[in-house]
Structures are given as structure tokens and as C-alpha cells.
file run32.cif (mmCIF, C-alpha atoms)
data_protein
loop_
_atom_site.label_atom_id
_atom_site.label_comp_id
_atom_site.auth_asym_id
_atom_site.auth_seq_id
_atom_site.Cartn_x
_atom_site.Cartn_y
_atom_site.Cartn_z
CA MET A 628 105.77 62.66 42.37
CA LYS A 629 103.61 59.88 40.93
CA ASN A 630 104.29 57.90 44.10
CA ILE A 631 102.84 60.72 46.19
CA LEU A 632 99.67 60.86 44.10
CA GLN A 633 99.15 57.13 44.56
CA HIS A 634 98.39 57.77 48.24
CA PHE A 635 95.36 59.95 47.40
CA ALA A 636 91.85 58.76 46.50
CA ILE A 637 91.99 59.99 42.90
CA PRO A 638 89.48 57.91 40.88
CA ASN A 639 90.60 58.74 37.36
CA GLN A 640 93.84 58.47 35.40
CA VAL A 641 96.03 61.56 35.48
CA ALA A 642 99.19 62.77 33.79
CA ASP A 643 102.47 63.61 35.51
CA PRO A 644 102.33 66.68 37.78
CA GLN A 645 103.54 69.93 36.21
CA PRO A 646 105.03 72.66 38.43
CA LEU A 647 103.26 75.99 38.81
CA LYS A 648 105.14 79.20 39.63
CA ILE A 649 102.61 80.66 42.05
CA GLY A 650 102.92 81.74 45.68
CA PHE A 651 105.98 82.01 47.87
CA ILE A 652 105.28 79.46 50.60
CA ASN A 653 104.04 76.14 49.22
CA ASP A 654 105.22 74.21 46.14
CA SER A 655 102.34 73.76 43.70
CA PHE A 656 101.69 71.43 40.78
CA ILE A 657 98.85 70.91 38.32
CA VAL A 658 97.77 67.34 37.61
CA ARG A 659 95.72 67.04 34.43
CA ALA A 660 93.20 64.30 33.69
CA ILE A 661 94.17 62.06 30.82
CA LYS A 662 90.59 61.69 29.55
CA LYS A 663 88.70 64.79 28.52
CA GLY A 664 85.81 65.63 30.84
CA GLU A 665 87.31 63.97 33.92
CA LYS A 666 88.61 65.84 36.96
CA SER A 667 92.05 67.40 37.15
CA TYR A 668 93.82 68.19 40.41
CA PHE A 669 96.01 70.66 42.25
CA LEU A 670 98.89 69.11 44.22
CA GLN A 671 100.75 71.07 46.91
CA ARG A 672 103.66 70.45 49.23
CA ILE A 673 102.76 72.25 52.46
CA ASN A 674 105.51 74.35 53.99
CA HIS A 675 105.43 72.79 57.45
CA HIS A 676 108.15 75.16 58.67
CA ILE A 677 105.59 77.97 58.47
CA PHE A 678 102.43 75.91 59.04
CA ARG A 679 103.70 73.74 61.86
CA ASN A 680 100.32 72.29 62.81
CA VAL A 681 99.50 70.59 59.50
CA GLU A 682 96.67 68.56 61.01
CA GLY A 683 95.05 71.73 62.39
CA LEU A 684 95.62 73.57 59.11
CA GLN A 685 93.92 70.88 57.06
CA GLN A 686 91.05 70.56 59.53
CA ASN A 687 90.53 74.33 59.25
CA ILE A 688 90.25 74.06 55.47
CA ARG A 689 87.90 71.09 55.67
CA LYS A 690 85.58 72.82 58.16
CA VAL A 691 85.49 76.05 56.16
CA THR A 692 84.91 74.40 52.78
CA ASP A 693 82.26 72.04 54.18
CA HIS A 694 80.46 74.99 55.78
CA ILE A 695 80.50 77.05 52.59
CA ARG A 696 79.37 74.07 50.52
CA HIS A 697 76.41 73.60 52.89
CA LYS A 698 75.55 77.31 52.67
CA LEU A 699 75.62 77.21 48.87
CA ALA A 700 73.37 74.15 48.80
CA GLU A 701 70.92 75.78 51.24
CA ALA A 702 70.75 78.83 48.98
CA GLY A 703 69.94 76.68 45.97
CA GLU A 704 73.18 77.55 44.17
CA THR A 705 74.18 75.60 41.10
CA ASP A 706 77.66 74.58 39.95
CA ILE A 707 78.78 74.37 43.58
CA ASP A 708 81.96 72.46 42.76
CA ARG A 709 83.31 75.58 41.05
CA LYS A 710 82.39 77.88 43.96
CA VAL A 711 84.26 76.22 46.81
CA LEU A 712 87.49 74.25 47.06
CA GLU A 713 87.37 70.48 47.58
CA LEU A 714 90.12 68.54 49.33
CA VAL A 715 90.89 65.05 48.07
CA PRO A 716 91.54 62.67 51.00
CA THR A 717 94.21 60.01 51.06
CA LYS A 718 93.19 56.39 50.62
CA ASP A 719 93.21 55.96 54.39
CA GLY A 720 90.93 59.00 54.89
CA LYS A 721 93.46 61.63 55.95
CA LEU A 722 93.56 65.18 54.57
CA TYR A 723 97.29 65.06 53.79
CA TYR A 724 100.08 62.60 53.16
CA CYS A 725 103.40 62.73 55.01
CA THR A 726 106.37 61.16 53.23
CA PRO A 727 109.04 59.15 55.05
CA GLU A 728 111.28 62.20 54.60
CA GLY A 729 108.80 64.37 56.54
CA ASP A 730 107.27 66.34 53.66
CA TYR A 731 103.53 67.05 53.79
CA TRP A 732 101.36 66.92 50.67
CA ARG A 733 97.70 67.64 49.88
CA VAL A 734 95.46 67.53 46.81
CA TYR A 735 92.52 69.69 45.75
CA VAL A 736 90.14 69.14 42.86
CA LEU A 737 91.12 71.68 40.21
CA ILE A 738 88.51 74.31 39.38
CA GLY A 739 88.42 74.45 35.60
CA ASN A 740 87.93 77.41 33.26
CA ALA A 741 88.96 79.86 35.98
CA SER A 742 91.74 82.39 36.28
CA SER A 743 93.23 84.80 38.79
CA GLN A 744 94.08 88.48 38.42
CA GLU A 745 97.05 90.51 39.61
CA LYS A 746 96.16 94.08 38.72
CA VAL A 747 93.57 95.91 40.82
CA THR A 748 91.24 98.41 39.17
CA PRO A 749 88.13 100.01 40.68
CA ALA A 750 86.05 97.43 38.80
CA SER A 751 88.03 94.44 40.06
CA ALA A 752 88.24 95.97 43.55
CA GLU A 753 84.45 96.08 43.77
CA LEU A 754 84.21 92.46 42.68
CA ALA A 755 86.91 91.51 45.20
CA GLY A 756 84.97 93.32 47.93
CA GLU A 757 81.87 91.35 47.06
CA ALA A 758 83.80 88.09 47.04
CA PHE A 759 85.54 88.55 50.39
CA GLY A 760 82.41 90.04 51.98
CA ARG A 761 80.40 87.01 50.81
CA PHE A 762 83.13 84.66 52.07
CA GLN A 763 83.06 86.20 55.54
CA CYS A 764 79.26 86.24 55.58
CA GLN A 765 79.09 82.54 54.69
CA LEU A 766 81.35 81.79 57.67
CA ALA A 767 79.85 84.28 60.13
CA ASP A 768 77.83 81.62 61.95
CA LEU A 769 80.73 79.14 62.19
CA PRO A 770 82.12 79.64 65.73
CA PHE A 771 85.60 81.11 65.43
CA ASP A 772 86.95 78.90 68.23
CA GLU A 773 86.28 75.79 66.12
CA LEU A 774 89.35 76.69 64.07
CA CYS A 775 92.96 76.83 65.20
CA GLU A 776 95.39 79.63 64.40
CA SER A 777 97.35 78.13 61.53
CA ILE A 778 100.04 80.73 62.27
CA PRO A 779 99.67 81.64 65.96
CA ASN A 780 99.23 85.38 66.63
CA PHE A 781 99.48 86.11 62.90
CA HIS A 782 97.47 89.37 63.10
CA ASN A 783 97.91 90.05 66.82
CA ILE A 784 99.50 93.51 67.05
CA GLU A 785 100.30 93.15 70.75
CA PHE A 786 102.35 90.06 69.95
CA ARG A 787 104.08 91.81 67.03
CA LEU A 788 105.01 94.74 69.26
CA GLN A 789 106.37 92.32 71.87
CA GLN A 790 108.55 90.77 69.16
CA LEU A 791 109.82 94.24 68.25
CA ASP A 792 110.58 95.09 71.88
CA GLU A 793 112.61 91.90 72.23
CA ALA A 794 114.50 92.68 69.02
CA LEU A 795 115.27 96.23 70.14
CA ALA A 796 116.43 95.03 73.55
CA ALA A 797 118.85 92.57 71.95
CA ASP A 798 119.82 94.76 68.96
CA PRO A 799 121.83 91.83 67.57
CA VAL A 800 123.44 93.65 64.63
CA GLY A 801 123.61 97.18 66.06
CA ARG A 802 120.93 98.87 63.95
CA LYS A 803 118.76 100.39 66.68
CA GLU A 804 120.64 103.65 67.26
CA ALA A 805 120.19 104.92 63.71
CA CYS A 806 116.42 104.32 63.74
CA ALA A 807 115.24 106.59 66.55
CA ASP A 808 112.67 108.31 64.30
CA ILE A 809 111.01 105.02 63.34
CA ILE A 810 110.94 103.81 66.93
CA ALA A 811 109.33 107.08 68.02
CA ALA A 812 106.70 106.87 65.26
CA ILE A 813 105.82 103.29 66.20
CA ASN A 814 105.69 104.06 69.92
CA SER A 815 103.47 107.11 69.45
CA ARG A 816 100.78 104.88 67.91
CA ARG A 817 101.01 101.88 70.23
CA ASP A 818 97.98 102.63 72.36
CA GLU A 819 95.68 103.31 69.43
CA MET A 820 96.83 100.27 67.47
CA CYS A 821 96.16 97.89 70.37
CA LEU A 822 92.54 99.08 70.55
CA ALA A 823 91.06 96.04 68.79
CA GLU A 824 92.68 93.57 71.18
CA ARG A 825 91.44 95.60 74.17
CA LEU A 826 87.91 95.79 72.80
CA PHE A 827 87.90 92.03 72.25
CA ARG A 828 88.93 91.37 75.86
CA GLU A 829 86.16 93.72 76.98
CA GLY A 830 83.62 91.76 74.95
CA LYS A 831 82.87 94.69 72.63
CA LEU A 832 84.55 93.57 69.41
CA PRO A 833 83.85 90.05 68.13
CA LYS A 834 86.17 87.71 66.31
CA HIS A 835 85.13 85.90 63.16
CA ILE A 836 86.75 83.48 60.76
CA ASN A 837 88.91 85.52 58.43
CA HIS A 838 90.86 84.80 55.26
CA CYS A 839 93.90 86.78 56.50
CA ASP A 840 95.42 87.17 53.02
CA THR A 841 92.83 89.23 51.13
CA LYS A 842 94.60 89.86 47.85
CA VAL A 843 92.85 89.92 44.50
CA ASN A 844 94.99 87.00 43.27
CA ASN A 845 93.38 84.80 45.93
CA ILE A 846 90.10 84.95 44.02
CA LEU A 847 89.29 82.78 41.01
CA PHE A 848 87.26 84.46 38.26
CA ASP A 849 85.11 82.72 35.66
CA GLU A 850 85.19 83.24 31.90
CA ALA A 851 82.95 86.29 32.21
CA GLY A 852 85.25 87.90 34.77
CA ARG A 853 83.01 87.28 37.78
CA PRO A 854 84.48 85.97 41.06
CA ILE A 855 83.54 82.36 41.70
CA CYS A 856 85.80 81.01 44.43
CA ILE A 857 88.12 82.18 47.22
CA VAL A 858 91.36 80.19 47.27
CA ASP A 859 94.59 79.96 49.31
CA LEU A 860 92.87 79.04 52.56
CA ASP A 861 96.03 78.32 54.58
CA THR A 862 95.64 81.47 56.69
CA VAL A 863 91.90 81.12 57.29
CA MET A 864 91.65 81.45 61.05
CA PRO A 865 89.99 83.41 63.86
CA GLY A 866 90.51 87.17 63.86
CA PHE A 867 88.95 90.59 63.38
CA VAL A 868 87.16 91.47 60.14
CA LEU A 869 89.12 94.72 60.36
CA SER A 870 92.21 92.71 59.47
CA ASP A 871 90.78 91.34 56.23
CA PHE A 872 89.38 94.71 55.20
CA GLY A 873 92.60 96.50 56.07
CA ASP A 874 94.90 93.96 54.45
CA PHE A 875 93.28 94.40 51.04
CA MET A 876 93.56 98.17 51.33
CA ARG A 877 97.19 98.00 52.45
CA THR A 878 98.22 96.61 49.09
CA ALA A 879 95.47 97.44 46.59
CA ALA A 880 94.70 101.02 47.66
CA ASN A 881 98.36 102.06 47.93
CA THR A 882 99.51 104.19 44.98
CA GLY A 883 103.13 103.22 45.72
CA LEU A 884 104.93 99.93 46.17
CA GLU A 885 105.21 97.99 49.39
CA ASP A 886 108.96 98.66 49.25
CA ASP A 887 108.85 101.98 47.43
CA PRO A 888 112.08 103.95 48.00
CA ASN A 889 110.32 107.16 46.93
CA LEU A 890 107.90 107.97 49.72
CA ASP A 891 106.28 110.70 47.63
CA ASN A 892 104.75 107.91 45.51
CA ILE A 893 102.71 106.64 48.45
CA HIS A 894 99.13 107.84 48.84
CA VAL A 895 95.74 106.24 49.42
CA ASP A 896 93.83 105.46 46.23
CA LEU A 897 90.35 106.47 47.34
CA ASP A 898 88.79 105.21 44.10
CA ILE A 899 89.99 101.69 44.91
CA PHE A 900 88.96 102.16 48.54
CA GLU A 901 85.45 103.23 47.59
CA ALA A 902 84.98 100.47 45.03
CA TYR A 903 86.09 97.71 47.41
CA THR A 904 84.00 99.21 50.24
CA ARG A 905 80.92 99.32 48.01
CA GLY A 906 81.29 95.65 47.09
CA TYR A 907 82.25 94.52 50.57
CA LEU A 908 79.38 96.22 52.42
CA LYS A 909 76.91 94.87 49.88
CA GLU A 910 77.74 91.33 50.99
CA ALA A 911 79.06 91.64 54.57
CA THR A 912 75.63 91.98 56.11
CA PHE A 913 76.70 90.38 59.40
CA LEU A 914 78.84 93.30 60.61
CA THR A 915 78.15 94.81 64.01
CA ASP A 916 78.00 98.58 64.49
CA ILE A 917 81.44 98.71 66.09
CA GLU A 918 82.97 96.71 63.23
CA LYS A 919 81.51 99.14 60.69
CA GLU A 920 82.81 102.08 62.69
CA LEU A 921 86.33 100.66 62.92
CA LEU A 922 86.85 99.72 59.26
CA PRO A 923 89.06 102.79 58.55
CA TYR A 924 91.06 101.93 61.67
CA GLY A 925 91.50 98.43 60.24
CA CYS A 926 93.35 99.93 57.28
CA ARG A 927 95.79 101.75 59.56
CA LEU A 928 96.13 98.73 61.82
CA LEU A 929 97.32 96.37 59.07
CA SER A 930 99.71 98.93 57.59
CA TYR A 931 101.09 99.63 61.06
CA MET A 932 101.40 95.91 61.77
CA GLN A 933 103.40 95.39 58.60
CA THR A 934 105.59 98.36 59.53
CA VAL A 935 106.34 96.66 62.84
CA ARG A 936 107.04 93.31 61.19
CA PHE A 937 109.43 94.71 58.58
CA PHE A 938 111.21 96.80 61.21
CA THR A 939 111.54 93.88 63.61
CA ASP A 940 113.17 91.83 60.87
CA TYR A 941 115.52 94.69 60.02
CA ILE A 942 116.61 95.03 63.65
CA ASN A 943 117.08 91.25 63.89
CA GLY A 944 119.38 91.23 60.87
CA ASP A 945 116.95 90.22 58.12
CA THR A 946 116.22 86.68 59.25
CA TYR A 947 112.59 86.31 58.07
CA TYR A 948 111.81 88.23 54.88
CA LYS A 949 113.85 87.71 51.76
CA ILE A 950 115.78 90.86 50.87
CA GLN A 951 117.29 92.07 47.61
CA TYR A 952 119.78 94.50 49.16
CA PRO A 953 121.07 95.24 52.71
CA GLU A 954 118.61 98.06 53.55
CA HIS A 955 115.58 96.44 51.93
CA ASN A 956 113.65 95.86 55.16
CA LEU A 957 114.37 99.41 56.28
CA VAL A 958 113.00 100.75 52.98
CA ARG A 959 109.93 98.54 53.43
CA THR A 960 109.50 99.86 56.96
CA ARG A 961 109.59 103.49 55.89
CA ALA A 962 107.20 102.83 52.98
CA GLN A 963 104.65 101.16 55.24
CA LEU A 964 104.98 103.88 57.86
CA ARG A 965 104.32 106.52 55.20
CA LEU A 966 101.20 104.59 54.19
CA VAL A 967 99.99 104.72 57.80
CA GLU A 968 100.52 108.49 57.78
CA GLU A 969 98.63 108.85 54.50
CA GLN A 970 95.76 106.72 55.82
CA GLU A 971 95.59 108.93 58.90
CA LYS A 972 95.21 112.00 56.65
CA VAL A 973 92.20 110.56 54.82
CA ALA A 974 90.54 108.77 57.76
CA ASP A 975 87.55 111.14 57.69
CA GLN A 976 87.13 110.63 53.94
CA MET A 977 87.25 106.86 54.43
CA LYS A 978 84.60 107.13 57.12
CA ALA A 979 82.37 109.23 54.85
CA ILE A 980 82.67 106.66 52.06
CA ILE A 981 81.78 103.82 54.43
CA ASN A 982 78.74 105.74 55.74
CA LYS A 983 77.65 106.33 52.15
CA TYR A 984 77.20 102.59 51.59
CA LEU A 985 75.91 101.48 54.96
#
call {"tool": "encode", "arguments": {"input": "run32.cif", "output": "C-alpha cells"}}
result
Amino acid sequence: MKNILQHFAIPNQVADPQPLKIGFINDSFIVRAIKKGEKSYFLQRINHHIFRNVEGLQQNIRKVTDHIRHKLAEAGETDIDRKVLELVPTKDGKLYYCTPEGDYWRVYVLIGNASSQEKVTPASAELAGEAFGRFQCQLADLPFDELCESIPNFHNIEFRLQQLDEALAADPVGRKEACADIIAAINSRRDEMCLAERLFREGKLPKHINHCDTKVNNILFDEAGRPICIVDLDTVMPGFVLSDFGDFMRTAANTGLEDDPNLDNIHVDLDIFEAYTRGYLKEATFLTDIEKELLPYGCRLLSYMQTVRFFTDYINGDTYYKIQYPEHNLVRTRAQLRLVEEQEKVADQMKAIINKYL
């Protein structure tokens, strides 16, 4: 591990890297400064099996962080180094180091005296809404086509439905026949759920640079509990703001679990929805009229998309998501589908809440 660090332009002496048990994709380590007051670092091994274009991924992060840093400086912000991530280049100027074994590594400057949160309350949801709304607003004038898709078609529902169709046609482990009700529920919503992609092709719905993993634990909070920095930028890529808005609601505003076996537990937490909406619309001042109108649809879209993804993996024989028991992906599918149904029931209430804060 020390040998890897030697390839990066780290100016001060640091201790041995210590592993961190965070995230499911990359391996992370904290690298503390030996002398008090000097910089510490965050070392990661990039999962290049998921992020296959490491060069494009790292360029995305550099462009986004440089743009935000410039915006903060223009606004006269102080303490900028705590408000945006900073990549540490290698000694030959690259944004990552590739070992002879083919592993990819990167280093960030560690943001000190900051913490993340796991539990979502109305108070933290409002702060999260402000943070992600501000993040999107800071990037709204960065052309979306300057970034690559770090995971191609990640939030493209037409592509996800095509994957499902291919899985159903092959039915490799013979699970299709017992799932007619799920297939019917997915098919009955196809046309509506592909609306965003159609509107984009018609030039009516814009794309922006999104975070694409809008969970509260991807925000760092300062000692006073205020959000200071958005982290985990691997999935920052072009997309619809509806995706980011909907993805937060899919997890945070769900009264049940993502894999809840008891569907009666699953409802929409409108207190969380309203709090996040209030914070988000306060900061996301760049939204067009059609984006504002479609925010409730964005919630259904992301829950539907995850339904399709879980179900595709179940039909394929559980080859993508880790499972804890044989029917796990089927349970996940039914839980996400119930969330879609619950979001449909309160769509008018969601719209009224959004109009309240516009």
C-alpha cells in the first residue's frame, strides 16, 4: 500500500493506510498525516469492472470539482477546500495510478472534521435537498456532453426495459412463468415511464449533470450539522434532474425497506418528501417549467426502474445483485413495485407540495 502512495504527489509525511468499511463498490482507506495540521488523504481502489472507463471517470470528477471550486470562488465563499473534493494527481500528472497487476487507484485530500449520516429525518432531508439542489445548480451551466457516462445507460429506462426483454426471452433458469403478474404490471407502465426519454429526443426536456446516487450518506456534514460537501462522485454524469430527485425519494421517503417482505409496510413518507422538496427547490433555481412539473413522475420513474433492474436480475438467475436467499431479488422486485403503486396514489399530493414551494 505504501508503494502505491509513493506514485502520488503527496507533499507531507503520512502514516500507513487504514481500511474503511464504507460503500460496496470501491475499496477505501484513510491515510493520516504524521504531523498535526498537515493534510490527510483518502485512498481508493477503483472497481474497474463496474467503472470500465477509468480515464473518463476521473476526468468527469476533475471537471466537476474544478467547476464547483470556480463557482465557490466567484461567490466569495471561504473555506473552499472543505466544500469540494480535491483529487491528488500522480507524480507524472495523471488522475489515477494503475498497478502492474491492473488495479486502479486514486487519492483525494481528506476533508477534516466532517461526518456523514445514515438516518433520514425531515430535518436532515431538508438539508439534503438544499445540498443536492445547490450541487446541481453549481453544475447547471457545465454542458452535459462534456462528461462521459461513467456507467453507460445507468438511468436510461428504455435500455433497462430492453435488458428485461432479453432476459425474459431467454428465461435462463425458468422463472418467467410464475411471474406473470409482475410482467403485466411492468408492461402496463412502459409507455408512461419512457416519457422522459421521448421528451428529450423531442427537445422538450433537457439533460444536466447529475449525481445519480442521491443518498444522505453521500453528503458530508460539518460539526454544526450543516452540509458542506457532496461526495462519491463516481456516478456524476449526464441525465435528467428527475432521476436525482426521484432516487432520493425512492429510499428516504419509503416507510418500508428496499427488500421489505411485508408490502403493507411500504408507503410514501410525505413529511420526508415535503422537507426534501422544500430544501431542493430553494437551491435548484435553474429548473425549467417542465422539470418542475415532472418531479413527482421522477419519483415513480426511479422506483419503476429499480423494479425492472431487480426483476431482470431475478429472471437471469441472480447474476448482478448480491442476494441473501434464493428469492431475494423477487422480494426486492415486489417491494419496489409496491412503492411505485404507493407513489401513484399520492401523485396529486406530491404535486401540491411542489407547487407550494415553487
call {"tool": "resolve_selection", "arguments": {"input": "run32.cif", "expression": "the PyMOL selection byres ((chain A and resi 639-656) around 10)", "output": "compact mmCIF listing (two decimals) with C-alpha atoms, keeping the file's coordinate frame"}}
result
# COMPACT_ATOMS: atom_id res chain seq x y z
CA MET A 628 105.77 62.66 42.37
CA LYS A 629 103.61 59.88 40.93
CA LEU A 632 99.67 60.86 44.10
CA ALA A 636 91.85 58.76 46.50
CA ILE A 637 91.99 59.99 42.90
CA PRO A 638 89.48 57.91 40.88
CA ILE A 657 98.85 70.91 38.32
CA VAL A 658 97.77 67.34 37.61
CA ARG A 659 95.72 67.04 34.43
CA ALA A 660 93.20 64.30 33.69
CA ILE A 661 94.17 62.06 30.82
CA LYS A 662 90.59 61.69 29.55
CA GLU A 665 87.31 63.97 33.92
CA LYS A 666 88.61 65.84 36.96
CA SER A 667 92.05 67.40 37.15
CA TYR A 668 93.82 68.19 40.41
CA PHE A 669 96.01 70.66 42.25
CA LEU A 670 98.89 69.11 44.22
CA GLN A 671 100.75 71.07 46.91
CA ARG A 672 103.66 70.45 49.23
CA ILE A 673 102.76 72.25 52.46
CA ASN A 674 105.51 74.35 53.99
CA HIS A 675 105.43 72.79 57.45
CA HIS A 676 108.15 75.16 58.67
CA ILE A 677 105.59 77.97 58.47
CA PHE A 678 102.43 75.91 59.04
CA TRP A 732 101.36 66.92 50.67
CA ARG A 733 97.70 67.64 49.88
CA VAL A 734 95.46 67.53 46.81
CA ASN A 844 94.99 87.00 43.27
CA ASP A 859 94.59 79.96 49.31
CA ASP A 861 96.03 78.32 54.58
call {"tool": "residues_near_point", "arguments": {"input": "run32.cif", "point": "(108.9, 111.2, 48.8)", "cutoff": "12 Å", "atoms": "only C-alpha atoms", "output": "PyMOL selection string"}}
result
chain A and resi 883+887-894+958+961-962+965-966+969
call {"tool": "resolve_selection", "arguments": {"input": "run32.cif", "expression": "the PyMOL selection byres ((chain A and resi 864) around 7)", "output": "list of chain:residue names"}}
result
A:Leu774, A:Cys775, A:Glu776, A:Ser777, A:Ile836, A:Asn837, A:His838, A:Thr862, A:Val863, A:Pro865, A:Gly866
call {"tool": "closest_residue", "arguments": {"input": "run32.cif", "among": "A:Val935, A:Leu957, A:Leu769, A:Met876", "to": "Ile695 (chain A)", "atoms": "all atoms listed in the file"}}
result
A:Leu769
call {"tool": "closest_residue", "arguments": {"input": "run32.cif", "among": "A:Arg959, A:His782, A:Lys831, A:Lys983", "to": "Asp874 (chain A)", "atoms": "only C-alpha atoms"}}
result
A:His782
call {"tool": "closest_atom_pairs", "arguments": {"input": "run32.cif", "of": "region 863-939 of chain A", "to": "region 808-827 of chain A", "cutoff": "9 Å", "atoms": "all atoms listed in the file", "output": "tab-separated table"}}
result
residue	atom	partner	partner_atom	distance
A:Phe867	CA	A:Ala823	CA	8.0
A:Leu869	CA	A:Ala823	CA	8.8
A:Leu921	CA	A:Ala823	CA	8.8
A:Tyr924	CA	A:Met820	CA	8.3
A:Gly925	CA	A:Ala823	CA	8.9
A:Arg927	CA	A:Met820	CA	8.1
A:Leu928	CA	A:Met820	CA	5.9
A:Tyr931	CA	A:Met820	CA	7.7
A:Met932	CA	A:Met820	CA	8.5
A:Thr934	CA	A:Ile813	CA	8.3
A:Val935	CA	A:Ile813	CA	7.5
A:Phe938	CA	A:Ile809	CA	8.5
call {"tool": "atom_distance", "arguments": {"input": "run32.cif", "atom1": "CA of Pro716 (chain A)", "atom2": "CA of Leu847 (chain A)"}}
result
22.6 Å
call {"tool": "resolve_selection", "arguments": {"input": "run32.cif", "expression": "the PyMOL selection byres ((chain A and resi 856) around 12)", "output": "JSON, numbers by chain"}}
result
{"A": [692, 695, 696, 699, 706, 707, 708, 709, 710, 711, 712, 713, 737, 738, 739, 740, 741, 742, 743, 754, 755, 757, 758, 759, 761, 762, 843, 844, 845, 846, 847, 848, 849, 852, 853, 854, 855, 857, 858, 859, 860]}
call {"tool": "closest_residue", "arguments": {"input": "run32.cif", "among": "A:Gly873, A:Pro833, A:Pro799, A:Pro749", "to": "Glu901 (chain A)", "atoms": "only C-alpha atoms"}}
result
A:Pro749
call {"tool": "atom_distance", "arguments": {"input": "run32.cif", "atom1": "CA of Phe913 (chain A)", "atom2": "CA of Ala767 (chain A)"}}
result
6.9 Å
call {"tool": "atom_distance", "arguments": {"input": "run32.cif", "atom1": "CA of Leu722 (chain A)", "atom2": "CA of Ala700 (chain A)"}}
result
22.8 Å
call {"tool": "closest_residue", "arguments": {"input": "run32.cif", "among": "A:Leu766, A:Asn943, A:Val715, A:Arg936", "to": "Lys690 (chain A)", "atoms": "only C-alpha atoms"}}
result
A:Leu766
call {"tool": "closest_residue", "arguments": {"input": "run32.cif", "among": "A:Leu985, A:Leu914, A:Leu795, A:Ala752", "to": "His835 (chain A)", "atoms": "only C-alpha atoms"}}
result
A:Leu914
call {"tool": "closest_residue", "arguments": {"input": "run32.cif", "among": "A:Arg689, A:Lys842, A:Arg679, A:His694", "to": "Cys764 (chain A)", "atoms": "all atoms listed in the file"}}
result
A:His694
call {"tool": "decode", "arguments": {"input": "run32.cif", "residues": "region 731-744 of chain A", "atoms": "N, CA, C and O atoms", "output": "mmCIF file, in the first residue's frame"}}
result
data_model
loop_
_atom_site.group_PDB
_atom_site.id
_atom_site.type_symbol
_atom_site.label_atom_id
_atom_site.label_comp_id
_atom_site.auth_asym_id
_atom_site.auth_seq_id
_atom_site.Cartn_x
_atom_site.Cartn_y
_atom_site.Cartn_z
ATOM 1 N N TYR A 731 -6.578 -0.082 -10.314
ATOM 2 C CA TYR A 731 -6.582 1.373 -10.474
ATOM 3 C C TYR A 731 -6.800 2.041 -9.107
ATOM 4 O O TYR A 731 -7.707 1.660 -8.357
ATOM 5 N N TRP A 732 -5.963 3.035 -8.821
ATOM 6 C CA TRP A 732 -6.010 3.715 -7.530
ATOM 7 C C TRP A 732 -6.092 5.225 -7.734
ATOM 8 O O TRP A 732 -5.571 5.765 -8.714
ATOM 9 N N ARG A 733 -6.743 5.897 -6.768
ATOM 10 C CA ARG A 733 -6.791 7.362 -6.774
ATOM 11 C C ARG A 733 -6.690 7.856 -5.344
ATOM 12 O O ARG A 733 -6.913 7.098 -4.390
ATOM 13 N N VAL A 734 -6.395 9.157 -5.209
ATOM 14 C CA VAL A 734 -6.253 9.771 -3.889
ATOM 15 C C VAL A 734 -6.988 11.110 -3.899
ATOM 16 O O VAL A 734 -6.872 11.900 -4.842
ATOM 17 N N TYR A 735 -7.759 11.339 -2.829
ATOM 18 C CA TYR A 735 -8.365 12.640 -2.564
ATOM 19 C C TYR A 735 -7.720 13.232 -1.312
ATOM 20 O O TYR A 735 -7.241 12.502 -0.434
ATOM 21 N N VAL A 736 -7.752 14.563 -1.207
ATOM 22 C CA VAL A 736 -7.439 15.210 0.060
ATOM 23 C C VAL A 736 -8.614 14.945 1.006
ATOM 24 O O VAL A 736 -9.778 15.096 0.620
ATOM 25 N N LEU A 737 -8.319 14.538 2.214
ATOM 26 C CA LEU A 737 -9.364 14.233 3.187
ATOM 27 C C LEU A 737 -9.946 15.525 3.749
ATOM 28 O O LEU A 737 -9.217 16.435 4.136
ATOM 29 N N ILE A 738 -11.277 15.603 3.779
ATOM 30 C CA ILE A 738 -11.954 16.744 4.386
ATOM 31 C C ILE A 738 -12.096 16.472 5.880
ATOM 32 O O ILE A 738 -12.771 15.517 6.282
ATOM 33 N N GLY A 739 -11.435 17.279 6.678
ATOM 34 C CA GLY A 739 -11.394 17.033 8.115
ATOM 35 C C GLY A 739 -12.611 17.553 8.861
ATOM 36 O O GLY A 739 -13.367 18.395 8.355
ATOM 37 N N ASN A 740 -12.805 17.051 10.063
ATOM 38 C CA ASN A 740 -13.893 17.485 10.951
ATOM 39 C C ASN A 740 -15.245 17.442 10.249
ATOM 40 O O ASN A 740 -16.047 18.385 10.339
ATOM 41 N N ALA A 741 -15.473 16.357 9.522
ATOM 42 C CA ALA A 741 -16.738 16.175 8.795
ATOM 43 C C ALA A 741 -17.218 14.756 9.015
ATOM 44 O O ALA A 741 -16.433 13.843 9.276
ATOM 45 N N SER A 742 -18.516 14.577 8.901
ATOM 46 C CA SER A 742 -19.093 13.253 9.103
ATOM 47 C C SER A 742 -20.268 13.062 8.158
ATOM 48 O O SER A 742 -20.811 14.032 7.608
ATOM 49 N N SER A 743 -20.656 11.807 7.979
ATOM 50 C CA SER A 743 -21.828 11.500 7.164
ATOM 51 C C SER A 743 -22.948 11.011 8.068
ATOM 52 O O SER A 743 -22.734 10.706 9.244
ATOM 53 N N GLN A 744 -24.148 10.940 7.519
ATOM 54 C CA GLN A 744 -25.311 10.474 8.259
ATOM 55 C C GLN A 744 -25.959 9.318 7.502
ATOM 56 O O GLN A 744 -25.840 9.230 6.278
#
